[in-house]
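*Asks:* Below is one structure. I have some questions about it.
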Amino acid sequence: MTEDGGGADLIPGLDDVPRVPAGKARQGKAAAGKGGGRAPKKGARRPAEERPVARVAVDMSLPHLDRPFDYLVPVELDAKAVPGCRVRVRFAGQLVDGFLLERVEESGHDGKLLYLERVTSPEPVLTPEIASLVREIADRYAGTFADVLRLAVPPRHARVEAEAVKDAAGEPPAAERDEEDEGENPWLEYPAGASFLTALAEGRAPRAVWTALPGPEWAAAIARAVAVTLRAGRGALVVVADGRDVARVDAALSAELGEGRHVALTAEPGPAERYRRWLAVLRGKARAVVGTRAAMFAPVADLGLAVLWDDGDDVHAEPHAPYPHPREVLALRAHRAKAGALIGGFTRTTDTTVLVETGWAHALSADRARVRRAMPRVRYVGEDAQLARDAAARTARLPNLAFEAARRALEDGPVLVQVPRRGYVPGIACGRCRTPAHCVACQGPLALPSSHAAPYCRWCGRIAGDWHCPECGFFQVRAIVVGAKRTAEELGRAFPGVPVRTSGREAILERVGPERALVVSTPGAEPPADGGYAAGLLLDGWVLLGRPDLRAGEETLRRWMNAAALVRPEGPVVVAAEGALPAVQALVRWDPVTYAERELAERREAGFPPAARMASLTATPAAIRELLADARLPDGAEVLGPVPVPRQPGSEGPEKERALVRVPRAAGPALARALKEAQGVRSARKATETVRVQIDPLELI
């Protein structure tokens with residue numbers, strides 16, 4: 001770092017940074033040499049004898065400062081200033097945090113350098129592997145090193161860091177366990193499963209896109225793959241969508257490996273316990289990790305297998321800049337570490353289909369005969385035979401087919417009912433002319449919290465007890481969308497004496513027993529049942545399929561199959577949707593692979609991700625124009641828009657717009673580089689507004 005604390009002569013945009021007073025200037029590069037320069041004054045700081053220059057990644061998110069800076073290591077910090085440790089440095093006149101990346105003999109800067117102020121902790125929390133991964137992810141998503149580093153390294157807890165990590169006790173390490181006592185092998189259900197495990201056992205790097213059989217065995221299959229990897233002397237990393245999936249894989253790993261051979265990284269135990277477990281991985285006390293998306297940067301030593309379950313779940317999407325996706329991060333880690341990769345789920349996304357088509361990964365699925373034995377029997381409403389017996393089958397929310405399937409199945413166990421919307425009645429309209437009801441204050445949608453309550457606004461919360469239709473003046477309303485609570489109420493009246501339980505965002509059931517019950521759940525909150533559900537009802541399919549989203553069909557099929565996979569083999573599943581739709585046909589045949597391949601072909605023809613690469617730019621129109629003017633976009637880049645972005649409830653400030661930049665898939669790195677350079681130019685220019693840049697966002701519409 002230069003003596004002025006900010007390198008104003010070299011770094012644009014810092015010309016007005018306060019200078020360090022001349023009397024407080026640090027020893028320069030000349031003092032770093034052995035025997036050169038004037039003798040230091042009494043009490044002055046001296047640089048270390050060996051490798052006196054430290055390269056530091058300063059915790060600064062400004063794009064034009066996204067590079068390491070050089071500092072001198074004082075002799076008193078020589079032993080503590082190790083690569084990967086946390087340090088405090090003076091930057092632009094202020095003390096800021098940073099990470100020491102490496103120590104070298106000389107600096108490329110000709111001026112004087114500042115000294116490290118102190119070493120916050122000598123623990124090398126940033127390994128060279130993770131540091132290089134963070135750099136590559138930042139470049140891949142047009143972000144900064146500091147932003148990705150905040151996602152990769154958790155905040156420090158000094159008390160936890162000082163604790164001695166207890167050696168695991170109990171069962172022998174997985175590498176020493178007898179392979180003959182492994183029990184049933186779930187991978188034998190797949191023709192290529194045995195060869196996949198053999199490759200892991202031999203230390204090779206098999207990469208597979210796994211279409212799992214319906215049922216609860218997926219967690220045990222992941223645990224077996226992890227155990228084989230650990231026996232080969234390498235580490236394993238498993239990333240799942242939420243804490244409930246972490247608990248399932250955690251239990252499977254405990255059964256497969258024994259207690260204390262792995263750690264679970266989630267937010268539930270609290271920051272201190274999470275940091276304790278993270279340090280156990282860093283220090284090599286645990287070689288297997290399971291966690292949610294934050295665990296994708298876990299410092300697993302000698303990574304041999306990276307697993308991602310249900311990569312299409314939008315919970316995997318990182319909400320913080322630069323918005324990296326675990327699928328990309330784990331694929332890159334597997335490539336860099338020459339490790340195996342397993343991306344699995346009950347369905348398949350178009351993104352993983354690209355990996356199979358390009359040859360990066362191989363398809364891993366069961367044969368059709370085995371799939372037919374494991375899958376439920378899916379029927380859709382509105383078949384000709386149903387219409388002949390029940391004329392209202394096409395329009396009824398709970399047609400006779402679904403009612404009879406639930407009534408018969410309740411004799412054998414619980415029945416799962418999936419409802420796309422939570423709440424009671426989340427959407428209402430005029431009872432006469434069907435005009436949607438909106439709040440007069442903010443134009444937000446009105447909803448009913450219960451059967452006896454007045455309508456309220458879902459945006460601002462205002463009670464609309466005096467609402468009347470602006471078109472016809474009618475004051476009564478009707479439901480246009482029914483939520484999970486209202487569905488549970490209706491089912492309770494339709495099936496008297498049968499317990500009705502709900503599972504959703506407010507309260508998610510962990511598990512249900514084998515006794516008869518109706519379980520009403522929103523997508524993603526379906527609890528597993530002991531022995532599986534006797535039947536499943538997938539209601540209001542039009543709500544999922546009708547969403548204005550490029551991935552609506554793909555996401556709908558994923559939610560349906562995740563729910564139907566909880567039903568017993570050959571158990572009845574009724575889906576309330578038009579049978580001619582491709583997603584419904586894929587569900588009936590239990591063939592997500594063909595659907596994903598067809599969806600990818602259509603997107604390739606239309607030029608949408610993942611066949612092409614896109615970046616979304618969100619800001620005011622002037623800021624977007626300025627960024628695009630500074631960006632040297634690659635050849636063939638196409639700018640779409642900008643178009644207005646709907647204002648969020650309660651938001652203030654100027655209206656924002658969004659533009660999309662589309663390039664061929666091969667030009668993705670060039671697009672990210674161009675946008676990052678343009679962001680750096682605007683940052684150096686001290687632009688007052690930041691443009692939100694997202695590479696390959698989930699939402700394009």
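Scheme for the structure tokens: letters A, B, ... for chains in order shown; per-chain residue numbers from 1; ligand numbers from 1 in order shown.
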For Val573 (chain A), work out the shell of residues within 6 Å, counting only C-alpha atoms and skipping chain neighbours fewer than 5 positions away, then give it as a PyMOL selection string.

*Replies:* chain A and resi 377-378+535-537

*Asks:* If you run DSSP on this backbone, which residues of region 402-637 of chain A come out as helix (DSSP H, G or I), and could you give them as an MDAnalysis selection string?

*Replies:* chainID A and resid 402:409 484:494 541:545 552:564 582:589 592:606 621:630

*Asks:* If we count only C-alpha atoms, what is near Thr198 (chain A) at a cut-off of 10 Å, once residues fewer than 4 positions away on the same chain are taken out, given as a list in words?

*Replies:* Gly193, Ala194, Glu202, Gly203, Arg204, Pro206, Ala225, Val228 and Thr229 of chain A

*Asks:* How would the residues just picked look written out with C-alpha atoms as an mmCIF file, in the first residue's frame?

*Replies:*
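Output file out-v6.cif is given in full below:
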```
data_model
loop_
_atom_site.group_PDB
_atom_site.id
_atom_site.type_symbol
_atom_site.label_atom_id
_atom_site.label_comp_id
_atom_site.auth_asym_id
_atom_site.auth_seq_id
_atom_site.Cartn_x
_atom_site.Cartn_y
_atom_site.Cartn_z
ATOM 1 C CA GLY A 193 -24.372 -46.683 -10.180
ATOM 2 C CA ALA A 194 -21.771 -49.335 -9.396
ATOM 3 C CA GLU A 202 -10.245 -45.396 -7.149
ATOM 4 C CA GLY A 203 -9.777 -41.666 -6.641
ATOM 5 C CA ARG A 204 -10.956 -40.708 -10.107
ATOM 6 C CA PRO A 206 -16.662 -39.137 -12.227
ATOM 7 C CA ALA A 225 -21.166 -41.990 -2.196
ATOM 8 C CA VAL A 228 -16.782 -44.352 -0.599
ATOM 9 C CA THR A 229 -15.031 -41.033 -1.205
#
```

*Asks:* Please list as a ChimeraX atom specification every residue within 6 Å of region 521-523 of chain A, counting only C-alpha atoms and excluding residues in the same chain fewer than 4 positions away.

*Replies:* /A:418-420,502-504

*Asks:* With a distance cut-off of 10 Å and only C-alpha atoms, select the neighbouring residues of Asp540 (chain A), excluding the residue or stretch itself and same-chain residues fewer than 6 positions from it, and output the selection as a list in words.

*Replies:*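 Near neighbours after the sequence-gap exclusion: Arg397, Leu398, Gln418, Val419, Pro420, Arg421, Val481, Val482, Gly483, Val575, Ala576 and Ala577 of chain A.
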
*Asks:* Work out how far apart CA of Gly423 (chain A) and CA of Thr292 (chain A) are and give it in Å to one decimal.

*Replies:*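 About the pair CA of Gly423 (chain A) and CA of Thr292 (chain A): they are 26.8 Å apart.
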
*Asks:* Show me, as number ranges by chain, the residues that have an atom within 8 Å of region 665-670 of chain A when counting only C-alpha atoms, minus same-chain residues fewer than 4 positions from it.

*Replies:* A: 139-140, 610-614, 633-634, 674
